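Heads up, protein27.json below (JSON, C-alpha atoms):
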[["chain", "number", "residue", "atom", "x", "y", "z"],
["S", 99, "GLN", "CA", -104.69, 87.63, -43.25],
["S", 100, "VAL", "CA", -102.80, 87.51, -46.51],
["S", 101, "GLN", "CA", -102.90, 84.23, -48.43],
["S", 102, "LEU", "CA", -100.55, 83.49, -51.31],
["S", 103, "VAL", "CA", -100.85, 80.40, -53.48],
["S", 104, "GLU", "CA", -98.14, 79.29, -55.90],
["S", 105, "SER", "CA", -98.60, 76.95, -58.83],
["S", 106, "GLY", "CA", -96.94, 75.96, -62.08],
["S", 107, "GLY", "CA", -93.98, 73.95, -60.90],
["S", 108, "GLY", "CA", -92.96, 70.64, -62.38],
["S", 109, "LEU", "CA", -90.27, 68.68, -64.12],
["S", 110, "VAL", "CA", -88.53, 70.31, -67.08],
["S", 111, "GLN", "CA", -85.51, 69.45, -69.17],
["S", 112, "PRO", "CA", -82.39, 71.62, -69.14],
["S", 113, "GLY", "CA", -82.88, 74.57, -71.43],
["S", 114, "GLY", "CA", -86.62, 74.47, -70.97],
["S", 115, "SER", "CA", -89.08, 76.98, -69.55],
["S", 116, "LEU", "CA", -91.71, 77.17, -66.85],
["S", 117, "ARG", "CA", -94.05, 79.87, -65.67],
["S", 118, "LEU", "CA", -94.94, 80.00, -62.00],
["S", 119, "SER", "CA", -97.97, 81.81, -60.64],
["S", 120, "CYS", "CA", -98.51, 83.47, -57.29],
["S", 121, "LYS", "CA", -102.11, 84.32, -56.56],
["S", 122, "ALA", "CA", -103.74, 86.15, -53.68],
["S", 123, "PRO", "CA", -107.27, 84.75, -53.86],
["S", 124, "ARG", "CA", -108.59, 86.56, -50.82],
["S", 125, "ALA", "CA", -107.17, 89.97, -51.58],
["S", 126, "ILE", "CA", -109.18, 92.83, -52.96],
["S", 127, "PHE", "CA", -107.46, 93.69, -56.21],
["S", 128, "SER", "CA", -106.92, 97.32, -55.22],
["S", 129, "VAL", "CA", -105.13, 96.11, -52.11],
["S", 130, "PHE", "CA", -103.17, 93.49, -54.03],
["S", 131, "SER", "CA", -101.98, 96.20, -56.40],
["S", 132, "ALA", "CA", -100.07, 97.76, -53.49],
["S", 133, "TYR", "CA", -98.22, 94.55, -52.67],
["S", 134, "THR", "CA", -94.56, 94.17, -53.34],
["S", 135, "ILE", "CA", -94.07, 90.48, -54.13],
["S", 136, "ASP", "CA", -90.80, 88.60, -53.76],
["S", 137, "TRP", "CA", -89.94, 85.27, -55.30],
["S", 138, "TYR", "CA", -87.60, 83.05, -53.31],
["S", 139, "ARG", "CA", -86.27, 79.57, -53.85],
["S", 140, "GLN", "CA", -84.73, 76.93, -51.67],
["S", 141, "ALA", "CA", -82.64, 74.11, -53.07],
["S", 142, "PRO", "CA", -81.97, 70.93, -51.06],
["S", 143, "GLY", "CA", -79.39, 71.57, -48.38],
["S", 144, "LYS", "CA", -79.19, 75.28, -49.14],
["S", 145, "GLN", "CA", -80.56, 78.43, -47.62],
["S", 146, "ARG", "CA", -83.58, 80.14, -49.09],
["S", 147, "GLU", "CA", -82.48, 82.81, -51.54],
["S", 148, "LEU", "CA", -84.17, 85.79, -53.13],
["S", 149, "VAL", "CA", -84.78, 85.31, -56.84],
["S", 150, "GLY", "CA", -86.46, 88.57, -57.65],
["S", 151, "THR", "CA", -88.96, 91.23, -56.68],
["S", 152, "ILE", "CA", -91.76, 93.20, -58.28],
["S", 153, "THR", "CA", -93.01, 96.37, -56.67],
["S", 154, "SER", "CA", -96.50, 97.81, -56.75],
["S", 155, "GLY", "CA", -95.38, 100.04, -59.60],
["S", 156, "GLY", "CA", -94.07, 97.12, -61.60],
["S", 157, "THR", "CA", -90.37, 97.71, -61.00],
["S", 158, "THR", "CA", -88.44, 94.47, -60.97],
["S", 159, "ASN", "CA", -85.11, 93.38, -59.59],
["S", 160, "TYR", "CA", -83.38, 90.02, -59.99],
["S", 161, "ALA", "CA", -80.61, 88.01, -58.47],
["S", 162, "ASP", "CA", -77.51, 87.89, -60.64],
["S", 163, "SER", "CA", -77.93, 84.14, -61.05],
["S", 164, "VAL", "CA", -81.24, 84.52, -62.90],
["S", 165, "LYS", "CA", -80.85, 87.92, -64.57],
["S", 166, "GLY", "CA", -81.63, 87.70, -68.25],
["S", 167, "ARG", "CA", -83.36, 84.33, -67.86],
["S", 168, "PHE", "CA", -86.21, 85.02, -65.42],
["S", 169, "THR", "CA", -88.91, 87.66, -65.71],
["S", 170, "ILE", "CA", -91.44, 88.73, -63.08],
["S", 171, "SER", "CA", -94.72, 90.33, -64.12],
["S", 172, "ARG", "CA", -98.07, 91.04, -62.54],
["S", 173, "ASN", "CA", -101.73, 91.55, -63.34],
["S", 174, "ASN", "CA", -103.44, 93.26, -60.45],
["S", 175, "SER", "CA", -106.97, 92.67, -61.71],
["S", 176, "ARG", "CA", -106.19, 88.95, -61.65],
["S", 177, "LYS", "CA", -104.39, 89.29, -58.33],
["S", 178, "THR", "CA", -101.52, 87.34, -59.82],
["S", 179, "VAL", "CA", -97.76, 87.63, -60.13],
["S", 180, "TRP", "CA", -95.86, 85.39, -62.53],
["S", 181, "LEU", "CA", -92.29, 84.19, -62.62],
["S", 182, "GLN", "CA", -91.33, 83.28, -66.17],
["S", 183, "MET", "CA", -88.24, 81.07, -66.14],
["S", 184, "ASN", "CA", -86.31, 80.39, -69.33],
["S", 185, "SER", "CA", -83.08, 78.55, -70.10],
["S", 186, "LEU", "CA", -83.44, 76.49, -66.97],
["S", 187, "ASN", "CA", -80.55, 74.45, -65.67],
["S", 188, "ALA", "CA", -80.01, 71.95, -62.88],
["S", 189, "GLU", "CA", -78.98, 74.72, -60.48],
["S", 190, "ASP", "CA", -82.51, 76.15, -60.74],
["S", 191, "THR", "CA", -83.95, 73.04, -59.11],
["S", 192, "ALA", "CA", -85.63, 74.17, -55.91],
["S", 193, "ILE", "CA", -88.89, 74.87, -54.19],
["S", 194, "TYR", "CA", -90.08, 78.30, -55.27],
["S", 195, "TYR", "CA", -92.02, 80.56, -52.93],
["S", 196, "CYS", "CA", -93.66, 83.91, -53.24],
["S", 197, "LYS", "CA", -93.80, 86.28, -50.31],
["S", 198, "THR", "CA", -95.17, 89.64, -49.35],
["S", 199, "ASN", "CA", -94.66, 91.77, -46.28],
["S", 200, "GLN", "CA", -97.74, 93.47, -44.94],
["S", 201, "TYR", "CA", -97.94, 95.48, -41.74],
["S", 202, "GLY", "CA", -94.52, 94.21, -40.72],
["S", 203, "MET", "CA", -95.35, 90.54, -41.18],
["S", 204, "ASP", "CA", -94.08, 88.17, -43.85],
["S", 205, "TYR", "CA", -96.67, 86.04, -45.62],
["S", 206, "TRP", "CA", -95.43, 83.06, -47.62],
["S", 207, "GLY", "CA", -97.09, 80.75, -50.03],
["S", 208, "GLN", "CA", -96.79, 77.00, -49.67],
["S", 209, "GLY", "CA", -94.19, 76.69, -52.41],
["S", 210, "THR", "CA", -94.05, 74.87, -55.72],
["S", 211, "GLN", "CA", -91.37, 72.39, -56.72],
["S", 212, "VAL", "CA", -89.30, 72.98, -59.84],
["S", 213, "THR", "CA", -87.04, 70.17, -60.98],
["S", 214, "VAL", "CA", -84.70, 70.59, -63.93],
["S", 215, "SER", "CA", -83.45, 67.25, -65.13],
["S", 216, "SER", "CA", -82.99, 65.23, -68.28]]
Can you dump the structure from the file as structure tokens?
Amino acid sequence: QVQLVESGGGLVQPGGSLRLSCKAPRAIFSVFSAYTIDWYRQAPGKQRELVGTITSGGTTNYADSVKGRFTISRNNSRKTVWLQMNSLNAEDTAIYYCKTNQYGMDYWGQGTQVTVSS
């Protein structure tokens, strides 16, 4: 079973930055390297939305709302994917989740709360 663990959330002022981590502690790194990892977020009262994706080859894609501000990267030997978030604003407040699909099943982390407020 795939386990994903997010961390790094917190309270940040508008214009600030945070870096979220998504780790797969149980994965063998060679297996993790084949994972495509998605970052999602869910704001209060809203549907969960895709923030961005990183493929096994390191190709990234982003939602228009975060393009130019967020960056996804990975280190397979550390079995970790990061979501670097810059120029944060109140609309970025949400619970952030990472997800992978393996063998036709979605595996989600538990989420980490990001709050952007002065």
Checklist entry - CA of Arg146 (chain S) and CA of Thr191 (chain S) are how many Å apart? => result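 Taking CA of Arg146 (chain S) as the start and CA of Thr191 (chain S) as the end point, the length is 12.3 Å.
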Item to check | Length of the CA of Asn173 (chain S) to CA of Lys197 (chain S) vector [Å] | outcome: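 Going from CA of Asn173 (chain S) over to CA of Lys197 (chain S) covers 16.1 Å.
Summary of the local environment: counting all atoms listed in the file, residues at most 8 Å from Met183 (chain S), other than itself and those fewer than 2 positions away along its chain, are Ser115, Leu116, Arg117, Leu118, Arg167, Phe168, Thr169, Leu181, Ser185 and Leu186 of chain S.
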Item to check | Closest of S:Gln208, S:Gln200, S:Thr151, S:Asn184 to Lys121 (chain S) - atom-to-atom distances counting only C-alpha atoms | outcome: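 Closest to Lys121 (chain S), using only C-alpha atoms: S:Gln208.
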Checklist entry - What would the list of residues within 9 Å of (-84.7, 75.7, -52.3) (file frame) look like as a VMD selection string, if all atoms listed in the file are what count? => result chain S and resid 138 to 147 190 to 195 211
Checklist entry - Between CA of Thr213 (chain S) and CA of Gly106 (chain S), what is the spacing in Å? => result 11.5 Å
Checklist outcome for this item: Of S:Ile170, S:Gly155, S:Thr210, S:Val100, the one sitting nearest Ala132 (chain S) when using only C-alpha atoms is S:Gly155
Checklist entry - Of the residues S:Gly108, S:Gly150, S:Gly207, S:Gly156, which is the one nearest to Asn174 (chain S), using only C-alpha atoms? => result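 Checking each of S:Gly108, S:Gly150, S:Gly207, S:Gly156 against Asn174 (chain S), counting only C-alpha atoms, the winner is S:Gly156.
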Checklist entry - What residues have an atom no more than 12 Å from (-93.5, 99.0, -58.0) in the file's own frame, counting all atoms listed in the file, and can you write them as a list of chain:residue names? => result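 Answer for this query, in the requested form: S:Phe130, S:Ser131, S:Ala132, S:Tyr133, S:Thr134, S:Ile135, S:Asp136, S:Thr151, S:Ile152, S:Thr153, S:Ser154, S:Gly155, S:Gly156, S:Thr157, S:Thr158, S:Asn159, S:Ile170, S:Ser171, S:Arg172, S:Asn174.
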Checklist entry - Skipping near chain neighbours, those fewer than 6 positions away, what residues fall within 12 Å of Gln99 (chain S) using only C-alpha atoms, listed as a count of residues only? => result 13
Checklist entry - Taking all atoms listed in the file into account, which of S:Cys120, S:Val179, S:Ala161, S:Gly166 comes nearest Val103 (chain S)? => result S:Cys120
Checklist entry - Which of these, S:Ser163, S:Ser119, S:Ser216, S:Gln111, has the shortest distance to Cys196 (chain S) once you count all atoms listed in the file? => result S:Ser119
For region 202-216 of chain S in the structure I just supplied, write out all heavy atoms - as a PDB file, in the first residue's frame.
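Output saved as out.pdb:
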ATOM      1  N   GLY S 202      -4.283   1.807 -10.646  1.00  0.00           N
ATOM      2  CA  GLY S 202      -5.674   2.208 -10.775  1.00  0.00           C
ATOM      3  C   GLY S 202      -6.309   2.744  -9.513  1.00  0.00           C
ATOM      4  O   GLY S 202      -7.508   3.053  -9.509  1.00  0.00           O
ATOM      5  N   MET S 203      -5.534   2.870  -8.447  1.00  0.00           N
ATOM      6  CA  MET S 203      -6.070   3.383  -7.187  1.00  0.00           C
ATOM      7  C   MET S 203      -5.389   4.691  -6.809  1.00  0.00           C
ATOM      8  O   MET S 203      -4.180   4.840  -6.988  1.00  0.00           O
ATOM      9  CB  MET S 203      -5.860   2.371  -6.059  1.00  0.00           C
ATOM     10  CG  MET S 203      -6.692   1.116  -6.195  1.00  0.00           C
ATOM     11  SD  MET S 203      -6.581   0.078  -4.725  1.00  0.00           S
ATOM     12  CE  MET S 203      -7.271   1.168  -3.485  1.00  0.00           C
ATOM     13  N   ASP S 204      -6.190   5.617  -6.297  1.00  0.00           N
ATOM     14  CA  ASP S 204      -5.660   6.885  -5.812  1.00  0.00           C
ATOM     15  C   ASP S 204      -5.238   6.748  -4.355  1.00  0.00           C
ATOM     16  O   ASP S 204      -5.989   6.213  -3.530  1.00  0.00           O
ATOM     17  CB  ASP S 204      -6.708   7.994  -5.920  1.00  0.00           C
ATOM     18  CG  ASP S 204      -6.937   8.448  -7.349  1.00  0.00           C
ATOM     19  OD1 ASP S 204      -6.051   8.218  -8.192  1.00  0.00           O
ATOM     20  OD2 ASP S 204      -8.001   9.027  -7.614  1.00  0.00           O
ATOM     21  N   TYR S 205      -4.054   7.238  -4.054  1.00  0.00           N
ATOM     22  CA  TYR S 205      -3.544   7.257  -2.693  1.00  0.00           C
ATOM     23  C   TYR S 205      -3.266   8.715  -2.322  1.00  0.00           C
ATOM     24  O   TYR S 205      -2.512   9.405  -3.019  1.00  0.00           O
ATOM     25  CB  TYR S 205      -2.265   6.430  -2.560  1.00  0.00           C
ATOM     26  CG  TYR S 205      -2.483   4.964  -2.813  1.00  0.00           C
ATOM     27  CD1 TYR S 205      -2.350   4.421  -4.087  1.00  0.00           C
ATOM     28  CD2 TYR S 205      -2.837   4.108  -1.761  1.00  0.00           C
ATOM     29  CE1 TYR S 205      -2.555   3.071  -4.316  1.00  0.00           C
ATOM     30  CE2 TYR S 205      -3.040   2.756  -1.984  1.00  0.00           C
ATOM     31  CZ  TYR S 205      -2.898   2.252  -3.263  1.00  0.00           C
ATOM     32  OH  TYR S 205      -3.115   0.910  -3.480  1.00  0.00           O
ATOM     33  N   TRP S 206      -3.896   9.135  -1.220  1.00  0.00           N
ATOM     34  CA  TRP S 206      -3.803  10.518  -0.762  1.00  0.00           C
ATOM     35  C   TRP S 206      -3.049  10.590   0.550  1.00  0.00           C
ATOM     36  O   TRP S 206      -3.151   9.692   1.389  1.00  0.00           O
ATOM     37  CB  TRP S 206      -5.203  11.096  -0.535  1.00  0.00           C
ATOM     38  CG  TRP S 206      -6.043  11.223  -1.769  1.00  0.00           C
ATOM     39  CD1 TRP S 206      -6.815  10.254  -2.336  1.00  0.00           C
ATOM     40  CD2 TRP S 206      -6.217  12.395  -2.559  1.00  0.00           C
ATOM     41  NE1 TRP S 206      -7.451  10.749  -3.445  1.00  0.00           N
ATOM     42  CE2 TRP S 206      -7.107  12.070  -3.600  1.00  0.00           C
ATOM     43  CE3 TRP S 206      -5.712  13.694  -2.489  1.00  0.00           C
ATOM     44  CZ2 TRP S 206      -7.498  12.995  -4.572  1.00  0.00           C
ATOM     45  CZ3 TRP S 206      -6.111  14.610  -3.449  1.00  0.00           C
ATOM     46  CH2 TRP S 206      -6.989  14.259  -4.483  1.00  0.00           C
ATOM     47  N   GLY S 207      -2.354  11.692   0.730  1.00  0.00           N
ATOM     48  CA  GLY S 207      -1.829  11.984   2.044  1.00  0.00           C
ATOM     49  C   GLY S 207      -2.919  12.545   2.931  1.00  0.00           C
ATOM     50  O   GLY S 207      -4.057  12.735   2.499  1.00  0.00           O
ATOM     51  N   GLN S 208      -2.542  12.864   4.165  1.00  0.00           N
ATOM     52  CA  GLN S 208      -3.528  13.329   5.138  1.00  0.00           C
ATOM     53  C   GLN S 208      -3.815  14.818   5.013  1.00  0.00           C
ATOM     54  O   GLN S 208      -4.788  15.313   5.572  1.00  0.00           O
ATOM     55  CB  GLN S 208      -3.034  13.018   6.567  1.00  0.00           C
ATOM     56  CG  GLN S 208      -2.052  14.027   7.156  1.00  0.00           C
ATOM     57  CD  GLN S 208      -0.659  13.976   6.548  1.00  0.00           C
ATOM     58  OE1 GLN S 208      -0.356  13.108   5.714  1.00  0.00           O
ATOM     59  NE2 GLN S 208       0.200  14.885   6.967  1.00  0.00           N
ATOM     60  N   GLY S 209      -2.981  15.524   4.278  1.00  0.00           N
ATOM     61  CA  GLY S 209      -3.168  16.950   4.064  1.00  0.00           C
ATOM     62  C   GLY S 209      -2.401  17.796   5.073  1.00  0.00           C
ATOM     63  O   GLY S 209      -2.107  17.357   6.186  1.00  0.00           O
ATOM     64  N   THR S 210      -2.074  19.006   4.647  1.00  0.00           N
ATOM     65  CA  THR S 210      -1.427  19.970   5.527  1.00  0.00           C
ATOM     66  C   THR S 210      -2.068  21.336   5.305  1.00  0.00           C
ATOM     67  O   THR S 210      -2.289  21.743   4.166  1.00  0.00           O
ATOM     68  CB  THR S 210       0.101  20.001   5.309  1.00  0.00           C
ATOM     69  OG1 THR S 210       0.715  20.864   6.269  1.00  0.00           O
ATOM     70  CG2 THR S 210       0.473  20.472   3.913  1.00  0.00           C
ATOM     71  N   GLN S 211      -2.374  22.017   6.397  1.00  0.00           N
ATOM     72  CA  GLN S 211      -3.113  23.275   6.316  1.00  0.00           C
ATOM     73  C   GLN S 211      -2.171  24.433   6.008  1.00  0.00           C
ATOM     74  O   GLN S 211      -1.138  24.598   6.664  1.00  0.00           O
ATOM     75  CB  GLN S 211      -3.824  23.551   7.649  1.00  0.00           C
ATOM     76  CG  GLN S 211      -4.529  24.903   7.719  1.00  0.00           C
ATOM     77  CD  GLN S 211      -5.776  24.965   6.853  1.00  0.00           C
ATOM     78  OE1 GLN S 211      -6.622  24.080   6.902  1.00  0.00           O
ATOM     79  NE2 GLN S 211      -5.897  26.038   6.067  1.00  0.00           N
ATOM     80  N   VAL S 212      -2.558  25.224   5.034  1.00  0.00           N
ATOM     81  CA  VAL S 212      -1.860  26.475   4.717  1.00  0.00           C
ATOM     82  C   VAL S 212      -2.846  27.621   4.920  1.00  0.00           C
ATOM     83  O   VAL S 212      -3.926  27.623   4.328  1.00  0.00           O
ATOM     84  CB  VAL S 212      -1.331  26.475   3.274  1.00  0.00           C
ATOM     85  CG1 VAL S 212      -0.786  27.850   2.898  1.00  0.00           C
ATOM     86  CG2 VAL S 212      -0.258  25.411   3.102  1.00  0.00           C
ATOM     87  N   THR S 213      -2.461  28.566   5.749  1.00  0.00           N
ATOM     88  CA  THR S 213      -3.299  29.731   6.005  1.00  0.00           C
ATOM     89  C   THR S 213      -2.493  30.978   5.691  1.00  0.00           C
ATOM     90  O   THR S 213      -1.409  31.181   6.252  1.00  0.00           O
ATOM     91  CB  THR S 213      -3.778  29.767   7.461  1.00  0.00           C
ATOM     92  OG1 THR S 213      -4.490  28.559   7.750  1.00  0.00           O
ATOM     93  CG2 THR S 213      -4.686  30.959   7.706  1.00  0.00           C
ATOM     94  N   VAL S 214      -3.041  31.793   4.805  1.00  0.00           N
ATOM     95  CA  VAL S 214      -2.381  33.052   4.429  1.00  0.00           C
ATOM     96  C   VAL S 214      -3.213  34.188   5.012  1.00  0.00           C
ATOM     97  O   VAL S 214      -4.354  34.417   4.608  1.00  0.00           O
ATOM     98  CB  VAL S 214      -2.269  33.192   2.911  1.00  0.00           C
ATOM     99  CG1 VAL S 214      -1.498  34.469   2.564  1.00  0.00           C
ATOM    100  CG2 VAL S 214      -1.595  31.975   2.304  1.00  0.00           C
ATOM    101  N   SER S 215      -2.630  34.869   5.973  1.00  0.00           N
ATOM    102  CA  SER S 215      -3.369  35.909   6.669  1.00  0.00           C
ATOM    103  C   SER S 215      -2.394  36.858   7.350  1.00  0.00           C
ATOM    104  O   SER S 215      -1.316  36.456   7.788  1.00  0.00           O
ATOM    105  CB  SER S 215      -4.302  35.294   7.713  1.00  0.00           C
ATOM    106  OG  SER S 215      -4.933  36.299   8.478  1.00  0.00           O
ATOM    107  N   SER S 216      -2.805  38.123   7.440  1.00  0.00           N
ATOM    108  CA  SER S 216      -2.000  39.102   8.152  1.00  0.00           C
ATOM    109  C   SER S 216      -2.458  39.200   9.606  1.00  0.00           C
ATOM    110  O   SER S 216      -1.880  39.957  10.398  1.00  0.00           O
ATOM    111  CB  SER S 216      -2.087  40.466   7.473  1.00  0.00           C
ATOM    112  OG  SER S 216      -3.434  40.875   7.357  1.00  0.00           O
TER     113      SER S 216
END
